[in-house]
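Participant: Input: one structure, supplied below.
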Amino acid sequence: MDVTVSVIKADVGSVGGHTRPSDELLDAVRQRVEAERGGLLLDARVFFCGDDISILMTHQRPPGDEAIHRVAWEAFQAGTEVAKRQGLYGAGQDLLKDAFSGNVRGLGPQVAELALRERPNEALMILAADKTEPGAFNLPLYLAFADPMYSPGLLLSEELHAGFRFVIMDVEHTEGDRLITLDAPERLYDIAALLRDTHRYVIAGIWSRKYPDEQAVAVSTTRLRQIAGRYVGKDDPVAIVRVQKIFPATEEFGPPFALGAFVAGDTRGSHNLPLLPVPVNTPASTFFCHPMVAALGFSLRDGKLTGPVDLFADPVWEPIRHRIVAKALGMRQQGFFQPAMLPFSELEYGGITARLKRLDAEFRVEASRD
Ligand code: 13P
Ligand code: 13P
Ligand code: MG
Ligand code: MG
Ligand code: MG
């Protein structure tokens, strides 16, 4: 069966700061989505990571479909109404435009969509992050899909032997999508040269090379500042990752995420902190505003989802979390000094711009002393 998996995610308000949506807000979103079950939608789930609500939908419309996107938009609008009524923080934060115009792309929510022909045992994983940027998935996905040190299937499985095709987006580009397609392993160093710059070059998709019609990964790529022209919260990406058989196995994503790679995010979206794997429906903490990621495992048959399995919830992740939090503490001990706080190029959409402009006027140029 041909099925499209869509995940549309937005922050429309949270309790006591940028923590988590209220139960009533979640109910309002769920209600709008559930009304489509058995009609437009084959199946659906609603969950949160920090203050961001993800709507996972399976259906038979193509990616970018107006009716599907409208359901998500209306669900987030219904959530916003509750958020306003309850005085939640950042009510409607990620709904940057007033009117729906055929598609939520460019309106604020994050979107990841993947069209697939179901395998007899279709296994997939949803990654939902908070307090970080779309490039936060670059390193873990690179390690799982291109590095045999982390992904033994690249050596052990004939299905993975040919490697994977990476589609990478230049997210600084604003008119249309600027994309490059590079094959691993032949172009590994070119892929690495781009992906290291997580603010600008973001994995948008990954495809099998042995089965070129099979898409493994879809990542959301929205940069909110490019829509709003100012800081309006972090981009907080989502991704759909198909796993097993012709793709890396679920357990091949463990070591890449256990790294706790430093990513942009944290308080006011302005710092570098390690990405912390957390259970699904974890609120953001008072302790900084840690970049975090949840992973949900599902099986899919005839468009119906079984699951989720909460992939970062088991006890193995506890000592890993301790180590990653220790890394975070080390970084934040140096306060605003780089690289704890991001360079100005990444802060230019925030309030510091005005301060720098005033300072600029106080500079004077003197004759060289040497
Ligand atoms: P099982 O025998 O538990 O299915 O092991 C499968 C496997 O190889 C996991 O990597
Ligand atoms: P989000 O609302 O995008 O999660 O980030 C808010 C923020 O900047 C917290 O400091
Ligand atoms: Mg928020
Ligand atoms: Mg958020
Ligand atoms: Mg955000």
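Convention: chains lettered A, B, ... in structure tokens order; per-chain residue numbering from 1; ligands numbered from 1 as shown.
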With DSSP run on the backbone, what are the alpha helix (DSSP H) residues within range 28-173 of chain A? I'd like them as a PDB file with C-alpha atoms, in the first residue's frame.

Facilitator:
```
ATOM      1  CA  ALA A  28      -7.946  20.591  21.641  1.00  0.00           C
ATOM      2  CA  VAL A  29      -5.268  19.617  19.099  1.00  0.00           C
ATOM      3  CA  ARG A  30      -6.137  15.909  19.436  1.00  0.00           C
ATOM      4  CA  GLN A  31      -9.840  16.551  18.996  1.00  0.00           C
ATOM      5  CA  ARG A  32      -9.364  18.312  15.646  1.00  0.00           C
ATOM      6  CA  VAL A  33      -7.032  15.561  14.405  1.00  0.00           C
ATOM      7  CA  GLU A  34      -9.213  12.687  15.651  1.00  0.00           C
ATOM      8  CA  GLU A  66      -3.667  21.093   1.233  1.00  0.00           C
ATOM      9  CA  ALA A  67      -6.315  19.088   3.121  1.00  0.00           C
ATOM     10  CA  ILE A  68      -3.724  17.388   5.346  1.00  0.00           C
ATOM     11  CA  HIS A  69      -1.899  20.602   6.088  1.00  0.00           C
ATOM     12  CA  ARG A  70      -5.205  22.323   6.828  1.00  0.00           C
ATOM     13  CA  VAL A  71      -6.035  19.734   9.509  1.00  0.00           C
ATOM     14  CA  ALA A  72      -2.741  20.486  11.260  1.00  0.00           C
ATOM     15  CA  TRP A  73      -3.183  24.251  10.873  1.00  0.00           C
ATOM     16  CA  GLU A  74      -6.710  24.131  12.281  1.00  0.00           C
ATOM     17  CA  ALA A  75      -5.606  21.850  15.124  1.00  0.00           C
ATOM     18  CA  PHE A  76      -2.859  24.320  16.063  1.00  0.00           C
ATOM     19  CA  GLN A  77      -5.339  27.194  15.821  1.00  0.00           C
ATOM     20  CA  ALA A  78      -7.695  25.347  18.169  1.00  0.00           C
ATOM     21  CA  GLY A  79      -4.725  24.816  20.514  1.00  0.00           C
ATOM     22  CA  THR A  80      -3.869  28.512  20.312  1.00  0.00           C
ATOM     23  CA  GLU A  81      -7.393  29.449  21.415  1.00  0.00           C
ATOM     24  CA  VAL A  82      -6.975  27.311  24.535  1.00  0.00           C
ATOM     25  CA  ALA A  83      -3.489  28.740  25.124  1.00  0.00           C
ATOM     26  CA  LYS A  84      -4.900  32.290  24.990  1.00  0.00           C
ATOM     27  CA  ARG A  85      -7.763  31.377  27.296  1.00  0.00           C
ATOM     28  CA  ASN A 138      23.223  16.387  10.805  1.00  0.00           C
ATOM     29  CA  LEU A 139      25.825  14.526  12.851  1.00  0.00           C
ATOM     30  CA  PRO A 140      23.692  11.639  14.200  1.00  0.00           C
ATOM     31  CA  LEU A 141      22.214  10.988  10.736  1.00  0.00           C
ATOM     32  CA  TYR A 142      25.621  11.219   9.063  1.00  0.00           C
ATOM     33  CA  LEU A 143      27.007   8.672  11.536  1.00  0.00           C
ATOM     34  CA  ALA A 144      24.054   6.290  11.153  1.00  0.00           C
ATOM     35  CA  PHE A 145      23.925   6.444   7.348  1.00  0.00           C
ATOM     36  CA  ALA A 146      27.564   6.932   6.340  1.00  0.00           C
ATOM     37  CA  GLY A 153      25.188  -2.524   8.905  1.00  0.00           C
ATOM     38  CA  LEU A 154      27.176  -0.592   6.290  1.00  0.00           C
ATOM     39  CA  LEU A 155      29.741  -3.432   6.481  1.00  0.00           C
ATOM     40  CA  LEU A 156      27.527  -6.351   7.441  1.00  0.00           C
TER      41      LEU A 156
END
```

Participant: Within 10 Å of ligand 2 (counting only C-alpha atoms and all ligand atoms), which residues show up? I'd like them as a ChimeraX atom specification.

Facilitator: /A:10-14,17-20,49-52,89-90,93-94,129-133,224,231-237,265-271,284,286,288-291

Participant: Any chance you can output those residues with C-alpha atoms as an mmCIF file, in the first residue's frame?

Facilitator:
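Heads up, here's the output in again-v6.cif:
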```
data_model
loop_
_atom_site.group_PDB
_atom_site.id
_atom_site.type_symbol
_atom_site.label_atom_id
_atom_site.label_comp_id
_atom_site.auth_asym_id
_atom_site.auth_seq_id
_atom_site.Cartn_x
_atom_site.Cartn_y
_atom_site.Cartn_z
ATOM 1 C CA ALA A 10 4.425 23.694 16.237
ATOM 2 C CA ASP A 11 4.707 25.512 19.542
ATOM 3 C CA VAL A 12 1.390 27.236 20.229
ATOM 4 C CA GLY A 13 1.848 27.897 23.927
ATOM 5 C CA SER A 14 3.238 26.394 27.104
ATOM 6 C CA GLY A 17 7.524 29.534 30.257
ATOM 7 C CA HIS A 18 8.737 27.441 27.302
ATOM 8 C CA THR A 19 8.138 24.119 29.099
ATOM 9 C CA ARG A 20 5.277 21.985 27.730
ATOM 10 C CA CYS A 49 8.706 17.313 23.149
ATOM 11 C CA GLY A 50 9.251 20.367 25.357
ATOM 12 C CA ASP A 51 6.826 23.082 24.267
ATOM 13 C CA ASP A 52 6.367 21.658 20.745
ATOM 14 C CA TYR A 89 3.266 31.561 27.438
ATOM 15 C CA GLY A 90 3.850 32.143 23.716
ATOM 16 C CA GLN A 93 4.122 31.318 18.938
ATOM 17 C CA ASP A 94 4.889 29.338 15.758
ATOM 18 C CA ALA A 129 13.549 17.956 18.999
ATOM 19 C CA ASP A 130 13.105 21.072 21.097
ATOM 20 C CA LYS A 131 15.349 24.086 21.822
ATOM 21 C CA THR A 132 17.527 23.520 18.791
ATOM 22 C CA GLU A 133 17.826 23.933 15.009
ATOM 23 C CA LEU A 224 11.782 30.628 11.707
ATOM 24 C CA TYR A 231 14.009 35.830 16.861
ATOM 25 C CA VAL A 232 10.709 34.050 17.508
ATOM 26 C CA GLY A 233 11.905 30.929 19.277
ATOM 27 C CA LYS A 234 14.028 28.057 18.083
ATOM 28 C CA ASP A 235 13.249 26.074 14.939
ATOM 29 C CA ASP A 236 12.944 22.758 16.806
ATOM 30 C CA PRO A 237 13.054 20.178 13.979
ATOM 31 C CA GLY A 265 19.833 26.187 20.898
ATOM 32 C CA ASP A 266 19.298 26.465 24.657
ATOM 33 C CA THR A 267 18.239 29.665 26.421
ATOM 34 C CA ARG A 268 16.893 32.256 23.945
ATOM 35 C CA GLY A 269 18.159 29.982 21.173
ATOM 36 C CA SER A 270 21.561 31.580 21.650
ATOM 37 C CA HIS A 271 23.981 28.958 22.966
ATOM 38 C CA ALA A 284 11.752 21.534 28.852
ATOM 39 C CA THR A 286 14.322 25.194 34.203
ATOM 40 C CA PHE A 288 19.009 26.123 30.987
ATOM 41 C CA CYS A 289 16.713 25.116 28.191
ATOM 42 C CA HIS A 290 18.536 22.048 27.077
ATOM 43 C CA PRO A 291 18.440 21.058 23.390
#
```

Participant: Go through range 94-298 of chain A and collect every residue that DSSP, computed from the backbone, puts in strand (DSSP E or B); the answer should be as number ranges by chain.

Facilitator: A: 110-117, 122-130, 132, 164-170, 179-183, 201-208, 215-219, 238-243, 262-265, 271-274, 276-277, 292-298

Participant: Residues as selected, C-alpha atoms, written as a PDB file, in the first residue's frame, can you do that?

Facilitator:
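Written output follows (out_9.pdb):
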```pdb
ATOM      1  CA  GLN A 110       7.904  22.406  11.007  1.00  0.00           C
ATOM      2  CA  VAL A 111       7.031  19.816   8.370  1.00  0.00           C
ATOM      3  CA  ALA A 112       8.578  16.438   7.536  1.00  0.00           C
ATOM      4  CA  GLU A 113       6.783  14.209   5.012  1.00  0.00           C
ATOM      5  CA  LEU A 114       7.738  10.964   3.354  1.00  0.00           C
ATOM      6  CA  ALA A 115       5.836   8.956   0.736  1.00  0.00           C
ATOM      7  CA  LEU A 116       6.498   5.214   0.835  1.00  0.00           C
ATOM      8  CA  ARG A 117       5.272   1.905  -0.495  1.00  0.00           C
ATOM      9  CA  GLU A 122       7.488  -1.299   7.708  1.00  0.00           C
ATOM     10  CA  ALA A 123       9.441   0.091  10.687  1.00  0.00           C
ATOM     11  CA  LEU A 124       9.982   3.767  11.278  1.00  0.00           C
ATOM     12  CA  MET A 125      11.140   6.242  13.831  1.00  0.00           C
ATOM     13  CA  ILE A 126      10.012   9.810  14.478  1.00  0.00           C
ATOM     14  CA  LEU A 127      12.587  12.211  15.901  1.00  0.00           C
ATOM     15  CA  ALA A 128      11.200  15.334  17.575  1.00  0.00           C
ATOM     16  CA  ALA A 129      13.549  17.956  18.999  1.00  0.00           C
ATOM     17  CA  ASP A 130      13.105  21.072  21.097  1.00  0.00           C
ATOM     18  CA  THR A 132      17.527  23.520  18.791  1.00  0.00           C
ATOM     19  CA  PHE A 164      23.087   6.307   0.819  1.00  0.00           C
ATOM     20  CA  ARG A 165      22.261   9.447  -1.151  1.00  0.00           C
ATOM     21  CA  PHE A 166      22.193  12.671   0.891  1.00  0.00           C
ATOM     22  CA  VAL A 167      20.058  15.643  -0.165  1.00  0.00           C
ATOM     23  CA  ILE A 168      21.374  18.702   1.674  1.00  0.00           C
ATOM     24  CA  MET A 169      19.713  22.125   1.818  1.00  0.00           C
ATOM     25  CA  ASP A 170      21.330  25.534   2.126  1.00  0.00           C
ATOM     26  CA  LEU A 179      19.688  21.723  -2.683  1.00  0.00           C
ATOM     27  CA  ILE A 180      22.686  19.525  -3.444  1.00  0.00           C
ATOM     28  CA  THR A 181      22.627  15.719  -3.882  1.00  0.00           C
ATOM     29  CA  LEU A 182      25.748  13.798  -2.811  1.00  0.00           C
ATOM     30  CA  ASP A 183      26.356  10.051  -2.672  1.00  0.00           C
ATOM     31  CA  TYR A 201      23.652  23.147   5.558  1.00  0.00           C
ATOM     32  CA  VAL A 202      20.978  20.759   6.726  1.00  0.00           C
ATOM     33  CA  ILE A 203      20.164  17.195   5.710  1.00  0.00           C
ATOM     34  CA  ALA A 204      16.727  17.448   4.065  1.00  0.00           C
ATOM     35  CA  GLY A 205      16.477  13.819   2.912  1.00  0.00           C
ATOM     36  CA  ILE A 206      18.403  10.547   2.635  1.00  0.00           C
ATOM     37  CA  TRP A 207      17.701   7.858   0.024  1.00  0.00           C
ATOM     38  CA  SER A 208      18.776   4.252  -0.527  1.00  0.00           C
ATOM     39  CA  GLN A 215      13.495   7.301   0.816  1.00  0.00           C
ATOM     40  CA  ALA A 216      15.015   6.644   4.240  1.00  0.00           C
ATOM     41  CA  VAL A 217      14.786  10.052   5.899  1.00  0.00           C
ATOM     42  CA  ALA A 218      12.869  13.332   5.682  1.00  0.00           C
ATOM     43  CA  VAL A 219      13.866  16.238   7.952  1.00  0.00           C
ATOM     44  CA  VAL A 238      11.264  16.876  13.356  1.00  0.00           C
ATOM     45  CA  ALA A 239      12.346  13.950  11.193  1.00  0.00           C
ATOM     46  CA  ILE A 240      10.903  10.732   9.813  1.00  0.00           C
ATOM     47  CA  VAL A 241      13.438   7.881   9.624  1.00  0.00           C
ATOM     48  CA  ARG A 242      12.649   4.476   8.111  1.00  0.00           C
ATOM     49  CA  VAL A 243      14.663   1.685   9.743  1.00  0.00           C
ATOM     50  CA  PHE A 262      26.963  20.222  20.651  1.00  0.00           C
ATOM     51  CA  VAL A 263      24.233  22.029  18.729  1.00  0.00           C
ATOM     52  CA  ALA A 264      22.810  25.539  18.643  1.00  0.00           C
ATOM     53  CA  GLY A 265      19.833  26.187  20.898  1.00  0.00           C
ATOM     54  CA  HIS A 271      23.981  28.958  22.966  1.00  0.00           C
ATOM     55  CA  ASN A 272      25.801  25.762  22.086  1.00  0.00           C
ATOM     56  CA  LEU A 273      24.808  22.803  24.234  1.00  0.00           C
ATOM     57  CA  PRO A 274      24.804  19.042  23.665  1.00  0.00           C
ATOM     58  CA  LEU A 276      20.061  15.392  25.079  1.00  0.00           C
ATOM     59  CA  PRO A 277      18.037  12.247  24.210  1.00  0.00           C
ATOM     60  CA  MET A 292      16.648  17.735  23.505  1.00  0.00           C
ATOM     61  CA  VAL A 293      15.343  15.014  21.244  1.00  0.00           C
ATOM     62  CA  ALA A 294      12.772  12.247  21.622  1.00  0.00           C
ATOM     63  CA  ALA A 295      12.605   9.167  19.380  1.00  0.00           C
ATOM     64  CA  LEU A 296       9.416   7.158  18.828  1.00  0.00           C
ATOM     65  CA  GLY A 297       9.445   3.750  17.129  1.00  0.00           C
ATOM     66  CA  PHE A 298       6.424   2.580  15.103  1.00  0.00           C
TER      67      PHE A 298
END
```

Participant: I'd like to know which of A:Arg45, A:Ser22, A:Gly176, A:Ser54 is closest to ligand 4, using only C-alpha atoms and all ligand atoms.

Facilitator: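 Comparing A:Arg45, A:Ser22, A:Gly176, A:Ser54 against ligand 4, the winner is A:Ser54.
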
Participant: Please identify every polymer residue within 9 Å of ligand 1, using only C-alpha atoms and all ligand atoms, and present the set as a PDB file with C-alpha atoms, in the first residue's frame.

Facilitator:
```
ATOM      1  CA  GLY A 153      25.188  -2.524   8.905  1.00  0.00           C
ATOM      2  CA  GLN A 244      15.611  -2.018   9.358  1.00  0.00           C
ATOM      3  CA  ALA A 249      18.600  -0.802  12.233  1.00  0.00           C
ATOM      4  CA  THR A 250      16.899   1.036  15.101  1.00  0.00           C
ATOM      5  CA  GLU A 251      19.818   0.204  17.401  1.00  0.00           C
ATOM      6  CA  GLU A 252      22.268   1.779  14.949  1.00  0.00           C
TER       7      GLU A 252
END
```

Participant: Between A:Ile55, A:Gly108, A:Gly92, A:Leu194, which residue has the minimum interatomic distance to ligand 3, considering only C-alpha atoms and all ligand atoms?

Facilitator: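 Among the listed residues, the smallest separation from ligand 3 belongs to A:Gly92.
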
Participant: Pick the closest to ligand 3 from A:Ser6, A:Arg301, A:Phe247, A:Leu88: which is it, counting only C-alpha atoms and all ligand atoms?

Facilitator: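 Going through A:Ser6, A:Arg301, A:Phe247, A:Leu88 one by one, the smallest distance to ligand 3 is for A:Leu88.
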
Participant: Of the residues A:Pro185, A:Arg358, A:Ile53, A:Val316, which is the one nearest to ligand 3, using only C-alpha atoms and all ligand atoms?

Facilitator: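 Closest to ligand 3 of all the choices is A:Ile53.
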